[in-house]
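Novice: Here it is, the structure, as structure tokens.
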Amino acid sequence: MSQSTNQQQMQAAVWYAAKDLRVEHVPVPTINDPHEVKVKVAACGICGSDLHEYAAGPIFIPVGKPHPISGEQAPIIMGHEFAGEVVEVGEKVTRVKVGDRVAIEPILSPNKDGAYQMERYNLTPLLGFHGLSGGGGGFSEFTVMGEHMVHKLPDDLSFEQGALVEPAAVALHAVRQSCLKAGDSAVVFGAGPIGLMTIEALKAAGAAQIYAVEVAPSRKAKAEALGAIVVDPQQEDAVEKLHALSGGGVDVAFEVTGIPAVLNQALHSTHEGGEVVVVSIWEGEASFHPNDLVIKERTMKGIIAYRHVYPAVMALMQRGYFRAEDMVTQRIPLADIVEEGFEALLSDKAQVKIIVTP
């Protein structure tokens with residue numbers, strides 16, 4: 001075959017605008033930096049933030065001017081929850097070698113010589129994500145990223161499990177940043193993929209009682225199967241019920257819906273001195289009465305993405321947490337990503353995590 005590498009083509013899902021995602025042929029990316037790694041994608045999950053970008057974007061996708069780290073703007077290749085096999089490495093790469101199986105940490109943050117430059121690299125004002133902010137993505141056959149973004153996958157974890165490390169990292173970071181201690185009680189508002197992972201992270205952290213507030217029947221069943229006591233706010237007053245079940249309010253509430261009314265429910269579900277951790281990315285403003293914080297001495301904090309938790313997530317996965325069989329509800333080829341992936345997630349609340357195979 002006489003084609004040069006530059007001319008080789010691959011399939012990729014490319015975001016042009018809201019509701020305009022196209023599976024098309026694009027050039028196979030090449031390594032341009034000695035600290036870069038080329039990965040053959042094996043499995044990539046569709047994330048809630050992907051869904052927001054598809055339905056109502058752009059949110060993280062750069063439009064009009066390039067992202068300062070990726071140097072790219074829409075149209076961009078999507079997909080940031082993925083795992084694959086290293087097929088090529090730059091000459092200065094030390095973390096991985098060709099043939100290694102890896103999970104990708106897709107955070108775009110200032111980096112140099114194969115390492116993030118900030119200790120809290122998820123808090124950079126330049127924050128972006130590989131697969132949302134340009135630079136390539138997991139909804140393609142191959143992608144190239146810095147070696148600081150790849151983590152070797154243990155031999156006993158599948159590629160599908162590797163694609164779940166990213167969402168599990170959000171959940172584990174949320175729980176680690178909270179004040180929760182072993183034996184405490186917690187509630188998770190919203191039992192979508194991140195909510196279910198948060199239940200798992202709470203179990204790993206030693207929460208004694210875990211409650212989940214959810215309306216979709218299939219997601220209620222998933223939360224129950226993972227060990228949470230489920231409250232349906234359409235059938236009863238969620239705050240009253242949580243106070244009754246927990247004996248006066250929970251220690252920590254995790255808000256994972258992005259719905260303004262739910263923020264208030266989360267706040268009121270905690271006891272005096274309790275804490276609310278806001279995990280959602282919001283499309284608009286939400287209001288609450290400051291006295292509900294002040295008079296009860298409650299705390300409210302936000303978290304974005306994760307930092308320094310991929311090794312811990314994979315170690316917990318090896319112990320049986322965040323299992324693919326509990327989370328994945330559908331597996332589809334890349335060619336079907338629009339109808340069977342994004343449209344299915346918008347219309348069918350029974351879907352939890354859909355895994356795409358390039």
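So you can find residues: chains in the structure tokens are A, B, ... in the order shown, residues in each start at 1, and ligands are numbered from 1 in order.
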I'd like to know which residues of stretch 19-244 of chain A are alpha helix (DSSP H) (by DSSP, run on the backbone); could you write them as a ChimeraX atom specification?
Specialist: /A:48-56,159-163,165-177,193-205,217-225,238-244
Novice: Save the residues we just selected, C-alpha atoms, as a JSON list (two decimals), in the first residue's frame?
Specialist:
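After the write, selection-v5.json holds the following:
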```json
[["chain", "number", "residue", "atom", "x", "y", "z"],
["A", 48, "GLY", "CA", -23.93, 13.01, 30.07],
["A", 49, "SER", "CA", -21.80, 15.97, 29.03],
["A", 50, "ASP", "CA", -21.56, 14.51, 25.50],
["A", 51, "LEU", "CA", -25.35, 14.35, 25.50],
["A", 52, "HIS", "CA", -25.61, 18.02, 26.59],
["A", 53, "GLU", "CA", -23.25, 19.02, 23.77],
["A", 54, "TYR", "CA", -25.31, 17.02, 21.26],
["A", 55, "ALA", "CA", -28.69, 18.30, 22.47],
["A", 56, "ALA", "CA", -27.92, 21.91, 23.39],
["A", 159, "PHE", "CA", -11.23, -2.36, 27.86],
["A", 160, "GLU", "CA", -14.91, -1.78, 28.64],
["A", 161, "GLN", "CA", -14.02, -1.46, 32.31],
["A", 162, "GLY", "CA", -11.24, 0.91, 31.24],
["A", 163, "ALA", "CA", -13.79, 3.14, 29.50],
["A", 165, "VAL", "CA", -12.57, 4.78, 34.72],
["A", 166, "GLU", "CA", -13.31, 8.37, 33.63],
["A", 167, "PRO", "CA", -16.91, 8.60, 34.97],
["A", 168, "ALA", "CA", -15.93, 6.59, 38.06],
["A", 169, "ALA", "CA", -13.15, 9.12, 38.67],
["A", 170, "VAL", "CA", -15.74, 11.93, 38.81],
["A", 171, "ALA", "CA", -17.69, 10.00, 41.46],
["A", 172, "LEU", "CA", -14.66, 9.03, 43.51],
["A", 173, "HIS", "CA", -13.29, 12.59, 43.43],
["A", 174, "ALA", "CA", -16.69, 13.90, 44.61],
["A", 175, "VAL", "CA", -16.74, 11.50, 47.57],
["A", 176, "ARG", "CA", -13.07, 12.12, 48.43],
["A", 177, "GLN", "CA", -13.63, 15.89, 48.39],
["A", 193, "PRO", "CA", -24.27, 6.91, 35.33],
["A", 194, "ILE", "CA", -22.43, 9.38, 37.62],
["A", 195, "GLY", "CA", -25.05, 8.99, 40.35],
["A", 196, "LEU", "CA", -24.73, 5.19, 40.27],
["A", 197, "MET", "CA", -20.94, 5.49, 40.33],
["A", 198, "THR", "CA", -21.26, 7.84, 43.32],
["A", 199, "ILE", "CA", -23.23, 5.13, 45.15],
["A", 200, "GLU", "CA", -20.33, 2.75, 44.45],
["A", 201, "ALA", "CA", -17.77, 5.32, 45.64],
["A", 202, "LEU", "CA", -19.80, 5.84, 48.83],
["A", 203, "LYS", "CA", -19.79, 2.08, 49.46],
["A", 204, "ALA", "CA", -16.02, 2.02, 48.98],
["A", 205, "ALA", "CA", -15.68, 4.96, 51.40],
["A", 217, "PRO", "CA", -37.97, 2.95, 37.08],
["A", 218, "SER", "CA", -34.91, 1.31, 35.49],
["A", 219, "ARG", "CA", -32.52, 3.68, 37.28],
["A", 220, "LYS", "CA", -34.32, 3.14, 40.60],
["A", 221, "ALA", "CA", -33.83, -0.60, 40.08],
["A", 222, "LYS", "CA", -30.10, -0.10, 39.33],
["A", 223, "ALA", "CA", -29.62, 2.05, 42.45],
["A", 224, "GLU", "CA", -31.41, -0.56, 44.58],
["A", 225, "ALA", "CA", -29.31, -3.35, 43.09],
["A", 238, "ALA", "CA", -38.23, 13.35, 49.20],
["A", 239, "VAL", "CA", -36.91, 15.66, 51.95],
["A", 240, "GLU", "CA", -39.47, 14.48, 54.53],
["A", 241, "LYS", "CA", -38.84, 10.85, 53.64],
["A", 242, "LEU", "CA", -35.06, 11.24, 53.87],
["A", 243, "HIS", "CA", -35.34, 12.91, 57.28],
["A", 244, "ALA", "CA", -37.59, 10.09, 58.47]]
```
Novice: To test your reading of the structure, identify every residue in stretch 173-248 of chain A that backbone DSSP assigns to strand (DSSP E or B), and report it as a list in words.
Specialist: Ser185, Ala186, Val187, Val188, Phe189, Gln209, Ile210, Tyr211, Ala212, Val213, Ile229, Val230 and Val231 of chain A
Novice: Smallest atom-to-atom distance to A:Lys38: which of A:Gln117, A:Thr143, A:Gln73, A:Thr124, using only C-alpha atoms?
Specialist: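 Looking only at the distances to A:Lys38, the closest residue turns out to be A:Thr143.
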Novice: Could you check the closest approach to A:Gly134 for each of A:Tyr121, A:Trp15, A:Phe82, A:Phe189 and tell me which residue wins, using only C-alpha atoms?
Specialist: A:Trp15
Novice: Applying 8 Å and only C-alpha atoms, which residues near A:Phe254 remain after dropping the ones on its own chain fewer than 4 positions away? List them as a PyMOL selection string.
Specialist: chain A and resi 186-189+266+276-279
Novice: Give me, please, the distance in Å between atom CA of A:Gly320 and atom CA of A:Arg120, quoted to one decimal.
Specialist: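 Between atom CA of A:Gly320 and atom CA of A:Arg120 the gap works out to 28.2 Å.
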Novice: Considering only C-alpha atoms, return as a ChimeraX atom specification whatever protein or nucleic-acid residues lie within 7 Å of A:Ile229, sequence-local ones (same chain, fewer than 6 positions apart) excluded.
Specialist: /A:210-212
Novice: Taking only C-alpha atoms into account, name the residue in A:Leu346, A:Leu245, A:Ile355, A:Ile332 that is nearest to A:His80.
Specialist: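 Comparing A:Leu346, A:Leu245, A:Ile355, A:Ile332 against A:His80, the winner is A:Ile355.
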Novice: Using only C-alpha atoms, which residues sit within 6 Å of A:Gly146 once same-chain residues fewer than 3 positions away are excluded, as a PDB file with N, CA, C and O atoms, in the first residue's frame?
Specialist:
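Result saved to selection-v6.pdb:
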```
ATOM      1  N   HIS A  35       6.614  13.520  23.567  1.00  0.00           N
ATOM      2  CA  HIS A  35       5.917  12.991  24.747  1.00  0.00           C
ATOM      3  C   HIS A  35       4.499  12.516  24.419  1.00  0.00           C
ATOM      4  O   HIS A  35       3.698  12.292  25.319  1.00  0.00           O
ATOM      5  N   GLU A  36       4.191  12.345  23.130  1.00  0.00           N
ATOM      6  CA  GLU A  36       2.847  11.915  22.744  1.00  0.00           C
ATOM      7  C   GLU A  36       2.754  10.406  22.544  1.00  0.00           C
ATOM      8  O   GLU A  36       3.750   9.725  22.294  1.00  0.00           O
ATOM      9  N   VAL A  37       1.515   9.924  22.658  1.00  0.00           N
ATOM     10  CA  VAL A  37       1.204   8.502  22.545  1.00  0.00           C
ATOM     11  C   VAL A  37       0.037   8.352  21.567  1.00  0.00           C
ATOM     12  O   VAL A  37      -0.923   9.120  21.623  1.00  0.00           O
ATOM     13  N   MET A 149      -1.608  11.770  30.017  1.00  0.00           N
ATOM     14  CA  MET A 149      -3.040  11.472  29.993  1.00  0.00           C
ATOM     15  C   MET A 149      -3.339   9.977  29.892  1.00  0.00           C
ATOM     16  O   MET A 149      -4.502   9.581  29.804  1.00  0.00           O
TER      17      MET A 149
END
```
Novice: Hey, which of A:Val89, A:Leu157, A:Ala207, A:Val28 ends up closest to A:Phe142? Count only C-alpha atoms.
Specialist: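 Closest candidate: A:Val28.
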Novice: Env of A:Lys152: 8 Å cut, atoms = only C-alpha atoms, seq-sep filter 5 positions within chain, self excluded. Answer as a PyMOL selection string.
Specialist: chain A and resi 96+100-103
Novice: Please produce an output containing N, CA, C and O atoms for each residue in the selection, written as a short mmCIF file (atom, residue, chain, number, x, y, z; two decimals), in the first residue's frame.
Specialist:
```cif
data_model
loop_
_atom_site.label_atom_id
_atom_site.label_comp_id
_atom_site.auth_asym_id
_atom_site.auth_seq_id
_atom_site.Cartn_x
_atom_site.Cartn_y
_atom_site.Cartn_z
N VAL A 96 4.51 4.51 29.20
CA VAL A 96 3.91 3.34 28.54
C VAL A 96 4.76 2.94 27.34
O VAL A 96 5.61 3.70 26.89
N ASP A 100 0.84 -1.73 25.35
CA ASP A 100 0.19 -1.53 26.65
C ASP A 100 -1.29 -1.19 26.46
O ASP A 100 -1.68 -0.47 25.54
N ARG A 101 -2.11 -1.71 27.36
CA ARG A 101 -3.53 -1.35 27.41
C ARG A 101 -3.67 -0.18 28.37
O ARG A 101 -3.11 -0.20 29.46
N VAL A 102 -4.41 0.85 27.94
CA VAL A 102 -4.46 2.09 28.75
C VAL A 102 -5.87 2.64 28.88
O VAL A 102 -6.72 2.46 28.00
N ALA A 103 -6.11 3.31 30.02
CA ALA A 103 -7.29 4.14 30.22
C ALA A 103 -6.84 5.59 30.08
O ALA A 103 -5.74 5.94 30.52
#
```
Novice: Which of these, A:Gly249, A:Pro75, A:Pro260, A:Pro311, has the shortest distance to A:Ile61 once you count only C-alpha atoms?
Specialist: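 Answer, going by the shortest atom-to-atom distance: A:Pro75.
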Novice: At a cut-off of 8 Å, using only C-alpha atoms, what residues contact A:Asp292? Leave out same-chain residues fewer than 5 positions from it and give the result as a list of chain:residue names.
Specialist: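 Here the answer would be A:Leu267, A:His268, A:Arg298.
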Novice: Given the selection you just returned, output its residues as a file containing N, CA and C atoms, formatted as an mmCIF file, in the first residue's frame.
Specialist:
```
data_model
loop_
_atom_site.group_PDB
_atom_site.id
_atom_site.type_symbol
_atom_site.label_atom_id
_atom_site.label_comp_id
_atom_site.auth_asym_id
_atom_site.auth_seq_id
_atom_site.Cartn_x
_atom_site.Cartn_y
_atom_site.Cartn_z
ATOM 1 N N LEU A 267 -30.083 20.323 49.614
ATOM 2 C CA LEU A 267 -29.718 21.174 50.757
ATOM 3 C C LEU A 267 -30.546 20.815 51.993
ATOM 4 N N HIS A 268 -31.873 20.693 51.805
ATOM 5 C CA HIS A 268 -32.767 20.438 52.938
ATOM 6 C C HIS A 268 -32.718 18.988 53.423
ATOM 7 N N ARG A 298 -24.714 24.673 57.419
ATOM 8 C CA ARG A 298 -24.419 23.687 56.390
ATOM 9 C C ARG A 298 -23.290 24.195 55.482
#
```
Novice: Enter the distance from atom CA of A:Ser133 to atom CA of A:Cys47, in Å, rounded to one decimal.
Specialist: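 So the answer is 14.3 Å.
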